[in-house]
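Visitor: One file: protein.cif (mmCIF, C-alpha atoms and all ligand atoms; chains and numbers go by the auth columns).
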```
data_target
#
loop_
_atom_site.group_PDB
_atom_site.id
_atom_site.type_symbol
_atom_site.label_atom_id
_atom_site.label_comp_id
_atom_site.label_asym_id
_atom_site.label_seq_id
_atom_site.Cartn_x
_atom_site.Cartn_y
_atom_site.Cartn_z
_atom_site.B_iso_or_equiv
_atom_site.auth_seq_id
_atom_site.auth_asym_id
ATOM 1 C CA MET A 1 -40.587 -54.695 16.661 0.00 1 Q
ATOM 2 C CA ASN A 2 -38.010 -52.315 15.212 0.00 2 Q
ATOM 3 C CA TYR A 3 -34.640 -53.947 14.708 0.00 3 Q
ATOM 4 C CA VAL A 4 -31.517 -52.090 15.767 0.00 4 Q
ATOM 5 C CA ASN A 5 -29.233 -51.255 12.865 0.00 5 Q
ATOM 6 C CA HIS A 6 -25.623 -50.904 14.016 0.00 6 Q
ATOM 7 C CA GLU A 7 -24.159 -50.972 10.531 0.00 7 Q
ATOM 8 C CA PHE A 8 -22.906 -47.384 10.617 0.00 8 Q
ATOM 9 C CA GLU A 9 -21.311 -47.456 14.061 0.00 9 Q
ATOM 10 C CA ALA A 10 -17.730 -46.322 14.491 0.00 10 Q
ATOM 11 C CA ARG A 11 -14.994 -48.971 14.503 0.00 11 Q
ATOM 12 C CA ASP A 12 -11.318 -48.713 15.362 0.00 12 Q
ATOM 13 C CA GLU A 13 -8.431 -49.552 13.001 0.00 13 Q
ATOM 14 C CA ASP A 14 -8.734 -53.254 13.932 0.00 14 Q
ATOM 15 C CA GLY A 15 -12.403 -53.206 12.951 0.00 15 Q
ATOM 16 C CA LYS A 16 -13.546 -53.465 16.566 0.00 16 Q
ATOM 17 C CA LEU A 17 -16.681 -51.637 17.589 0.00 17 Q
ATOM 18 C CA ILE A 18 -15.960 -48.409 19.486 0.00 18 Q
ATOM 19 C CA VAL A 19 -17.987 -48.575 22.694 0.00 19 Q
ATOM 20 C CA PRO A 20 -19.490 -45.152 23.524 0.00 20 Q
ATOM 21 C CA GLU A 21 -18.072 -43.432 26.620 0.00 21 Q
ATOM 22 C CA PRO A 22 -21.370 -43.439 28.613 0.00 22 Q
ATOM 23 C CA VAL A 23 -21.535 -47.237 28.234 0.00 23 Q
ATOM 24 C CA GLN A 24 -17.920 -47.639 29.395 0.00 24 Q
ATOM 25 C CA GLU A 25 -18.578 -45.281 32.313 0.00 25 Q
ATOM 26 C CA ALA A 26 -21.588 -47.352 33.363 0.00 26 Q
ATOM 27 C CA ILE A 27 -19.386 -50.441 33.497 0.00 27 Q
ATOM 28 C CA ARG A 28 -16.698 -48.567 35.490 0.00 28 Q
ATOM 29 C CA THR A 29 -19.423 -47.512 37.947 0.00 29 Q
ATOM 30 C CA LEU A 30 -20.508 -51.144 38.323 0.00 30 Q
ATOM 31 C CA LEU A 31 -16.903 -52.269 38.883 0.00 31 Q
ATOM 32 C CA ARG A 32 -16.435 -49.565 41.532 0.00 32 Q
ATOM 33 C CA TRP A 33 -19.727 -50.516 43.189 0.00 33 Q
ATOM 34 C CA ALA A 34 -18.711 -54.184 43.192 0.00 34 Q
ATOM 35 C CA GLY A 35 -15.606 -53.192 45.176 0.00 35 Q
ATOM 36 C CA ASP A 36 -12.828 -53.082 42.590 0.00 36 Q
ATOM 37 C CA ASP A 37 -10.783 -50.243 41.087 0.00 37 Q
ATOM 38 C CA PRO A 38 -11.639 -49.694 37.404 0.00 38 Q
ATOM 39 C CA GLU A 39 -8.398 -47.698 36.977 0.00 39 Q
ATOM 40 C CA ARG A 40 -6.121 -50.636 37.809 0.00 40 Q
ATOM 41 C CA GLU A 41 -4.195 -52.041 34.883 0.00 41 Q
ATOM 42 C CA GLY A 42 -6.049 -55.349 34.527 0.00 42 Q
ATOM 43 C CA LEU A 43 -9.398 -53.584 34.269 0.00 43 Q
ATOM 44 C CA ALA A 44 -8.305 -50.765 31.940 0.00 44 Q
ATOM 45 C CA ASP A 45 -9.795 -52.307 28.777 0.00 45 Q
ATOM 46 C CA THR A 46 -12.586 -54.162 30.545 0.00 46 Q
ATOM 47 C CA PRO A 47 -15.346 -51.552 30.013 0.00 47 Q
ATOM 48 C CA ALA A 48 -14.842 -51.619 26.234 0.00 48 Q
ATOM 49 C CA ARG A 49 -14.613 -55.426 26.211 0.00 49 Q
ATOM 50 C CA VAL A 50 -17.760 -55.780 28.301 0.00 50 Q
ATOM 51 C CA GLY A 51 -19.585 -53.355 26.012 0.00 51 Q
ATOM 52 C CA ARG A 52 -18.636 -55.387 22.943 0.00 52 Q
ATOM 53 C CA ALA A 53 -19.443 -58.659 24.701 0.00 53 Q
ATOM 54 C CA TRP A 54 -22.928 -57.426 25.567 0.00 54 Q
ATOM 55 C CA ARG A 55 -23.556 -56.365 22.007 0.00 55 Q
ATOM 56 C CA GLU A 56 -22.682 -59.930 21.000 0.00 56 Q
ATOM 57 C CA TYR A 57 -24.901 -61.477 23.693 0.00 57 Q
ATOM 58 C CA CYS A 58 -27.721 -59.250 22.460 0.00 58 Q
ATOM 59 C CA ALA A 59 -27.064 -59.498 18.717 0.00 59 Q
ATOM 60 C CA GLY A 60 -30.574 -60.920 18.266 0.00 60 Q
ATOM 61 C CA TYR A 61 -32.004 -57.401 18.530 0.00 61 Q
ATOM 62 C CA GLU A 62 -30.369 -56.695 15.177 0.00 62 Q
ATOM 63 C CA GLU A 63 -32.357 -59.279 13.257 0.00 63 Q
ATOM 64 C CA ASP A 64 -35.791 -60.634 12.519 0.00 64 Q
ATOM 65 C CA PRO A 65 -35.173 -64.375 13.076 0.00 65 Q
ATOM 66 C CA GLY A 66 -38.008 -65.171 10.661 0.00 66 Q
ATOM 67 C CA ILE A 67 -35.720 -64.041 7.831 0.00 67 Q
ATOM 68 C CA HIS A 68 -33.941 -67.424 8.049 0.00 68 Q
ATOM 69 C CA LEU A 69 -37.126 -69.263 7.116 0.00 69 Q
ATOM 70 C CA ARG A 70 -37.852 -67.409 3.885 0.00 70 Q
ATOM 71 C CA ARG A 71 -35.806 -69.758 1.651 0.00 71 Q
ATOM 72 C CA THR A 72 -37.646 -73.048 1.329 0.00 72 Q
ATOM 73 C CA PHE A 73 -36.926 -76.166 -0.726 0.00 73 Q
ATOM 74 C CA SER A 74 -39.655 -77.077 -3.173 0.00 74 Q
ATOM 75 C CA GLU A 75 -37.902 -80.340 -4.175 0.00 75 Q
ATOM 76 C CA VAL A 76 -38.818 -81.881 -0.819 0.00 76 Q
ATOM 77 C CA ALA A 77 -42.254 -80.282 -0.681 0.00 77 Q
ATOM 78 C CA GLY A 78 -43.919 -83.722 -0.563 0.00 78 Q
ATOM 79 C CA TYR A 79 -42.070 -84.749 2.612 0.00 79 Q
ATOM 80 C CA ASP A 80 -44.709 -85.135 5.273 0.00 80 Q
ATOM 81 C CA GLU A 81 -42.934 -86.655 8.279 0.00 81 Q
ATOM 82 C CA VAL A 82 -41.533 -84.934 11.334 0.00 82 Q
ATOM 83 C CA VAL A 83 -38.310 -82.940 10.930 0.00 83 Q
ATOM 84 C CA LEU A 84 -36.454 -82.581 14.226 0.00 84 Q
ATOM 85 C CA LEU A 85 -33.266 -80.821 15.248 0.00 85 Q
ATOM 86 C CA ARG A 86 -32.424 -82.310 18.610 0.00 86 Q
ATOM 87 C CA ASP A 87 -30.468 -80.892 21.576 0.00 87 Q
ATOM 88 C CA ILE A 88 -29.181 -77.682 19.966 0.00 88 Q
ATOM 89 C CA PRO A 89 -26.903 -75.982 22.496 0.00 89 Q
ATOM 90 C CA PHE A 90 -27.603 -72.296 23.053 0.00 90 Q
ATOM 91 C CA GLN A 91 -26.832 -69.451 25.405 0.00 91 Q
ATOM 92 C CA SER A 92 -29.103 -66.606 26.406 0.00 92 Q
ATOM 93 C CA HIS A 93 -29.336 -64.130 29.311 0.00 93 Q
ATOM 94 C CA CYS A 94 -32.134 -63.725 31.796 0.00 94 Q
ATOM 95 C CA GLU A 95 -33.867 -60.380 31.816 0.00 95 Q
ATOM 96 C CA HIS A 96 -34.048 -60.342 35.613 0.00 96 Q
ATOM 97 C CA HIS A 97 -30.360 -60.637 36.520 0.00 97 Q
ATOM 98 C CA LEU A 98 -28.563 -60.503 33.135 0.00 98 Q
ATOM 99 C CA ALA A 99 -27.141 -63.889 34.142 0.00 99 Q
ATOM 100 C CA PRO A 100 -26.462 -66.593 31.547 0.00 100 Q
ATOM 101 C CA ILE A 101 -29.047 -69.165 30.604 0.00 101 Q
ATOM 102 C CA THR A 102 -27.364 -72.204 29.044 0.00 102 Q
ATOM 103 C CA GLY A 103 -29.112 -75.214 27.694 0.00 103 Q
ATOM 104 C CA THR A 104 -30.363 -77.136 24.730 0.00 104 Q
ATOM 105 C CA ALA A 105 -33.417 -76.856 22.551 0.00 105 Q
ATOM 106 C CA SER A 106 -35.144 -79.485 20.452 0.00 106 Q
ATOM 107 C CA ILE A 107 -37.159 -78.025 17.602 0.00 107 Q
ATOM 108 C CA ALA A 108 -39.497 -80.055 15.416 0.00 108 Q
ATOM 109 C CA TYR A 109 -42.083 -79.341 12.761 0.00 109 Q
ATOM 110 C CA LEU A 110 -44.340 -81.368 10.543 0.00 110 Q
ATOM 111 C CA PRO A 111 -44.090 -79.647 7.148 0.00 111 Q
ATOM 112 C CA LYS A 112 -47.105 -78.882 4.987 0.00 112 Q
ATOM 113 C CA ASN A 113 -45.389 -77.657 1.827 0.00 113 Q
ATOM 114 C CA ARG A 114 -42.446 -75.656 3.022 0.00 114 Q
ATOM 115 C CA VAL A 115 -39.233 -77.360 4.104 0.00 115 Q
ATOM 116 C CA VAL A 116 -36.237 -75.282 5.188 0.00 116 Q
ATOM 117 C CA GLY A 117 -32.511 -75.981 5.471 0.00 117 Q
ATOM 118 C CA ILE A 118 -32.097 -77.617 8.862 0.00 118 Q
ATOM 119 C CA SER A 119 -29.499 -75.103 10.121 0.00 119 Q
ATOM 120 C CA LYS A 120 -32.179 -72.416 9.871 0.00 120 Q
ATOM 121 C CA LEU A 121 -34.033 -73.830 12.874 0.00 121 Q
ATOM 122 C CA ALA A 122 -30.890 -73.292 14.953 0.00 122 Q
ATOM 123 C CA ARG A 123 -30.517 -69.789 13.500 0.00 123 Q
ATOM 124 C CA VAL A 124 -34.062 -68.931 14.597 0.00 124 Q
ATOM 125 C CA LEU A 125 -33.253 -70.220 18.101 0.00 125 Q
ATOM 126 C CA HIS A 126 -30.069 -68.125 18.353 0.00 126 Q
ATOM 127 C CA GLY A 127 -31.856 -65.043 16.971 0.00 127 Q
ATOM 128 C CA PHE A 128 -34.255 -65.107 19.922 0.00 128 Q
ATOM 129 C CA ALA A 129 -31.732 -66.441 22.461 0.00 129 Q
ATOM 130 C CA ARG A 130 -29.354 -63.529 21.815 0.00 130 Q
ATOM 131 C CA ARG A 131 -31.697 -61.180 23.608 0.00 131 Q
ATOM 132 C CA LEU A 132 -32.689 -60.719 27.235 0.00 132 Q
ATOM 133 C CA GLN A 133 -35.140 -63.498 27.873 0.00 133 Q
ATOM 134 C CA ILE A 134 -37.180 -65.591 30.191 0.00 134 Q
ATOM 135 C CA GLN A 135 -37.229 -69.215 29.111 0.00 135 Q
ATOM 136 C CA GLU A 136 -40.989 -69.370 28.593 0.00 136 Q
ATOM 137 C CA ARG A 137 -40.911 -66.469 26.133 0.00 137 Q
ATOM 138 C CA LEU A 138 -37.884 -67.853 24.293 0.00 138 Q
ATOM 139 C CA THR A 139 -39.740 -71.152 23.837 0.00 139 Q
ATOM 140 C CA SER A 140 -42.895 -69.459 22.511 0.00 140 Q
ATOM 141 C CA GLU A 141 -41.057 -67.052 20.247 0.00 141 Q
ATOM 142 C CA VAL A 142 -39.147 -69.858 18.518 0.00 142 Q
ATOM 143 C CA ALA A 143 -42.307 -71.947 18.070 0.00 143 Q
ATOM 144 C CA ASN A 144 -44.455 -69.031 16.882 0.00 144 Q
ATOM 145 C CA CYS A 145 -41.810 -67.884 14.394 0.00 145 Q
ATOM 146 C CA ILE A 146 -41.717 -71.324 12.738 0.00 146 Q
ATOM 147 C CA TRP A 147 -45.499 -71.577 12.828 0.00 147 Q
ATOM 148 C CA ASP A 148 -46.023 -68.151 11.209 0.00 148 Q
ATOM 149 C CA ASN A 149 -43.335 -68.467 8.555 0.00 149 Q
ATOM 150 C CA LEU A 150 -43.648 -72.110 7.462 0.00 150 Q
ATOM 151 C CA GLN A 151 -47.366 -72.624 8.156 0.00 151 Q
ATOM 152 C CA PRO A 152 -46.705 -76.321 8.882 0.00 152 Q
ATOM 153 C CA HIS A 153 -49.082 -78.961 10.288 0.00 153 Q
ATOM 154 C CA GLY A 154 -47.381 -78.670 13.674 0.00 154 Q
ATOM 155 C CA VAL A 155 -44.486 -77.229 15.663 0.00 155 Q
ATOM 156 C CA ALA A 156 -42.942 -78.583 18.874 0.00 156 Q
ATOM 157 C CA VAL A 157 -40.225 -76.830 20.863 0.00 157 Q
ATOM 158 C CA VAL A 158 -38.753 -78.177 24.103 0.00 158 Q
ATOM 159 C CA ILE A 159 -36.051 -76.238 25.935 0.00 159 Q
ATOM 160 C CA ASP A 160 -34.027 -77.605 28.830 0.00 160 Q
ATOM 161 C CA ALA A 161 -31.774 -75.004 30.439 0.00 161 Q
ATOM 162 C CA GLN A 162 -29.879 -73.982 33.526 0.00 162 Q
ATOM 163 C CA HIS A 163 -30.087 -70.469 34.886 0.00 163 Q
ATOM 164 C CA GLY A 164 -26.942 -68.742 36.140 0.00 164 Q
ATOM 165 C CA CYS A 165 -29.090 -66.692 38.482 0.00 165 Q
ATOM 166 C CA MET A 166 -29.967 -69.922 40.309 0.00 166 Q
ATOM 167 C CA THR A 167 -26.455 -71.348 40.396 0.00 167 Q
ATOM 168 C CA GLY A 168 -23.973 -68.516 41.070 0.00 168 Q
ATOM 169 C CA ARG A 169 -26.266 -66.437 43.287 0.00 169 Q
ATOM 170 C CA GLY A 170 -29.650 -66.359 44.989 0.00 170 Q
ATOM 171 C CA VAL A 171 -30.855 -69.850 45.790 0.00 171 Q
ATOM 172 C CA ARG A 172 -27.436 -71.273 44.653 0.00 172 Q
ATOM 173 C CA THR A 173 -28.771 -74.577 43.443 0.00 173 Q
ATOM 174 C CA PRO A 174 -26.597 -75.892 40.627 0.00 174 Q
ATOM 175 C CA GLY A 175 -27.644 -78.702 38.328 0.00 175 Q
ATOM 176 C CA VAL A 176 -31.343 -77.854 38.186 0.00 176 Q
ATOM 177 C CA GLY A 177 -32.797 -77.951 34.693 0.00 177 Q
ATOM 178 C CA MET A 178 -35.832 -75.880 33.757 0.00 178 Q
ATOM 179 C CA VAL A 179 -37.900 -77.514 31.027 0.00 179 Q
ATOM 180 C CA THR A 180 -40.404 -75.587 28.927 0.00 180 Q
ATOM 181 C CA SER A 181 -42.357 -76.647 25.886 0.00 181 Q
ATOM 182 C CA ARG A 182 -44.637 -75.177 23.291 0.00 182 Q
ATOM 183 C CA MET A 183 -46.727 -77.352 21.019 0.00 183 Q
ATOM 184 C CA LEU A 184 -48.745 -75.978 18.119 0.00 184 Q
ATOM 185 C CA GLY A 185 -51.048 -77.499 15.515 0.00 185 Q
ATOM 186 C CA CYS A 186 -51.114 -81.316 15.384 0.00 186 Q
ATOM 187 C CA PHE A 187 -48.654 -81.616 18.298 0.00 187 Q
ATOM 188 C CA LEU A 188 -51.048 -79.645 20.473 0.00 188 Q
ATOM 189 C CA GLU A 189 -54.264 -81.226 19.251 0.00 189 Q
ATOM 190 C CA ASP A 190 -53.327 -84.852 18.646 0.00 190 Q
ATOM 191 C CA ASP A 191 -52.018 -87.028 21.493 0.00 191 Q
ATOM 192 C CA SER A 192 -50.306 -89.606 19.281 0.00 192 Q
ATOM 193 C CA SER A 193 -48.456 -86.903 17.267 0.00 193 Q
ATOM 194 C CA ARG A 194 -47.308 -85.299 20.508 0.00 194 Q
ATOM 195 C CA LYS A 195 -46.125 -88.651 21.868 0.00 195 Q
ATOM 196 C CA GLU A 196 -44.264 -89.368 18.636 0.00 196 Q
ATOM 197 C CA VAL A 197 -42.425 -86.052 18.635 0.00 197 Q
ATOM 198 C CA LEU A 198 -41.562 -86.275 22.338 0.00 198 Q
ATOM 199 C CA SER A 199 -40.205 -89.774 21.820 0.00 199 Q
ATOM 200 C CA LEU A 200 -38.108 -88.599 18.841 0.00 200 Q
ATOM 201 C CA MET A 201 -36.781 -85.880 21.145 0.00 201 Q
ATOM 202 C CA GLY A 202 -35.803 -88.596 23.620 0.00 202 Q
ATOM 203 C CA ARG A 203 -38.520 -87.556 26.076 0.00 203 Q
ATOM 204 C CA LYS A 204 -41.526 -89.503 27.342 0.00 204 Q
HETATM 205 N N1 LIG B . -40.283 -68.194 35.113 0.00 301 Q
HETATM 206 C C1 LIG B . -39.007 -67.843 34.978 0.00 301 Q
HETATM 207 N N2 LIG B . -38.357 -67.319 36.030 0.00 301 Q
HETATM 208 C C2 LIG B . -37.070 -66.972 35.851 0.00 301 Q
HETATM 209 C C3 LIG B . -36.375 -67.133 34.648 0.00 301 Q
HETATM 210 N N3 LIG B . -35.098 -66.693 34.826 0.00 301 Q
HETATM 211 C C4 LIG B . -35.019 -66.285 36.100 0.00 301 Q
HETATM 212 N N4 LIG B . -36.200 -66.454 36.738 0.00 301 Q
HETATM 213 C C5 LIG B . -36.634 -66.186 38.115 0.00 301 Q
HETATM 214 O O1 LIG B . -37.048 -64.841 38.219 0.00 301 Q
HETATM 215 C C6 LIG B . -37.272 -64.612 39.607 0.00 301 Q
HETATM 216 C C7 LIG B . -37.024 -63.175 39.976 0.00 301 Q
HETATM 217 O O2 LIG B . -37.470 -63.081 41.300 0.00 301 Q
HETATM 218 P P1 LIG B . -37.271 -61.820 42.251 0.00 301 Q
HETATM 219 O O3 LIG B . -37.776 -62.194 43.618 0.00 301 Q
HETATM 220 O O4 LIG B . -37.840 -60.609 41.584 0.00 301 Q
HETATM 221 O O5 LIG B . -35.689 -61.618 42.235 0.00 301 Q
HETATM 222 P P2 LIG B . -34.609 -62.148 43.263 0.00 301 Q
HETATM 223 O O6 LIG B . -34.807 -61.538 44.618 0.00 301 Q
HETATM 224 O O7 LIG B . -33.273 -61.907 42.645 0.00 301 Q
HETATM 225 O O8 LIG B . -34.952 -63.696 43.346 0.00 301 Q
HETATM 226 P P3 LIG B . -34.006 -64.947 43.718 0.00 301 Q
HETATM 227 O O9 LIG B . -33.413 -65.431 42.418 0.00 301 Q
HETATM 228 O O10 LIG B . -34.934 -65.977 44.314 0.00 301 Q
HETATM 229 O O11 LIG B . -32.957 -64.482 44.664 0.00 301 Q
HETATM 230 C C8 LIG B . -36.404 -65.617 40.326 0.00 301 Q
HETATM 231 O O12 LIG B . -37.240 -66.549 40.971 0.00 301 Q
HETATM 232 C C9 LIG B . -35.623 -66.310 39.193 0.00 301 Q
HETATM 233 O O13 LIG B . -35.321 -67.662 39.481 0.00 301 Q
HETATM 234 C C10 LIG B . -37.099 -67.674 33.543 0.00 301 Q
HETATM 235 O O14 LIG B . -36.599 -67.840 32.442 0.00 301 Q
HETATM 236 N N5 LIG B . -38.402 -67.999 33.761 0.00 301 Q
HETATM 237 ZN ZN ZN B . -32.259 -64.520 36.404 0.00 302 Q
#
```
Represent the structure contained in this file as structure tokens.
Guide:
Amino acid sequence: MNYVNHEFEARDEDGKLIVPEPVQEAIRTLLRWAGDDPEREGLADTPARVGRAWREYCAGYEEDPGIHLRRTFSEVAGYDEVVLLRDIPFQSHCEHHLAPITGTASIAYLPKNRVVGISKLARVLHGFARRLQIQERLTSEVANCIWDNLQPHGVAVVIDAQHGCMTGRGVRTPGVGMVTSRMLGCFLEDDSSRKEVLSLMGRK
């Protein structure tokens, strides 16, 4: 995948990104189509704001999340128990409706030699979440990234999220959680390792 480099984009005197006119016009068209008047005062700056907001929601396209796993700590290289970051809150957007996906992810790995700073697991999650996603792919991408970069004994990722496209529209069923998981290595192959990691995650 080629990562988008926005480094040289124009910014205004406050340092805010200048949203190109075709993008703003697209948002005005949407506002008009939704039934409002994009020229009214309250909506005057909305196209630029929405443009900047979407660049933030999709900031993951600007990075390779694996970059966060390159710095490892050799001083804890002998640690051979599960490392788990539990219930990390995240937000993403579904690729079908561009509606928010909000939830939590638990990410665990059983290190072989490489141990990373614990915040980096959350950074990997956000790097993939800040893109248009379906939950299954988000779950796999996070797990595969850790697997490829740290080459650990095992990786386990469980994501529990609510989809805005199921609450505010469509089937309109709030409060439903979608749970997805991806297990690799020992967590896939060995029942007792999988049970241990699920219990550490607070799941049966
Ligand atoms: N598997 C999966 N489905 C998702 C995810 N996010 C949204 N969806 C579903 O994607 C489907 C898209 O279905 P379509 O029939 O093409 O679209 P739609 O007419 O808007 O569907 P409704 O949401 O049922 O109104 C819906 O069932 C959504 O609930 C996700 O992360 N994973
Ligand atoms: Zn959706």
Visitor: Report the distance between CA of His68 in chain Q and CA of Phe187 in chain Q in Å, rounded to one decimal place.
Guide: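 So the answer is 22.9 Å.
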Visitor: Please enumerate the residues selected by the PyMOL selection byres (((chain Q and resi 53-59) around 9) and not hetatm) when evaluated against the supplied file, formatted as a list in words.
Guide: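 Matching residues under the PyMOL selection byres (((chain Q and resi 53-59) around 9) and not hetatm) are Ala48, Arg49, Val50, Gly51, Arg52, Gly60, Tyr61, Glu62, Glu63, Gln91, Ser92, His93, Gly127, Ala129, Arg130, Arg131 and Leu132 of chain Q.
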Visitor: Which is closest to ligand LIG 301 (chain Q) among Q:Leu125, Q:Cys186, Q:Ile107, Q:Cys165, if we use all atoms listed in the file?
Guide: Q:Cys165
Visitor: Expressed in Å to a single decimal, how great is the separation between CA of Gly168 in chain Q and CA of Asp36 in chain Q?
Guide: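 Distance between the two atoms: 19.1 Å.
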Visitor: Step by step, measure atom-to-atom distances between ligand LIG 301 (chain Q) and each residue using only C-alpha atoms and all ligand atoms, keep those at most 8 Å, then write them as a list in words.
Guide: Cys94, Glu95, His96, His97, Ile101, Gln133, Ile134, Gln135, Glu136, Arg137, His163, Cys165, Met166, Arg169, Gly170 and Val171 of chain Q
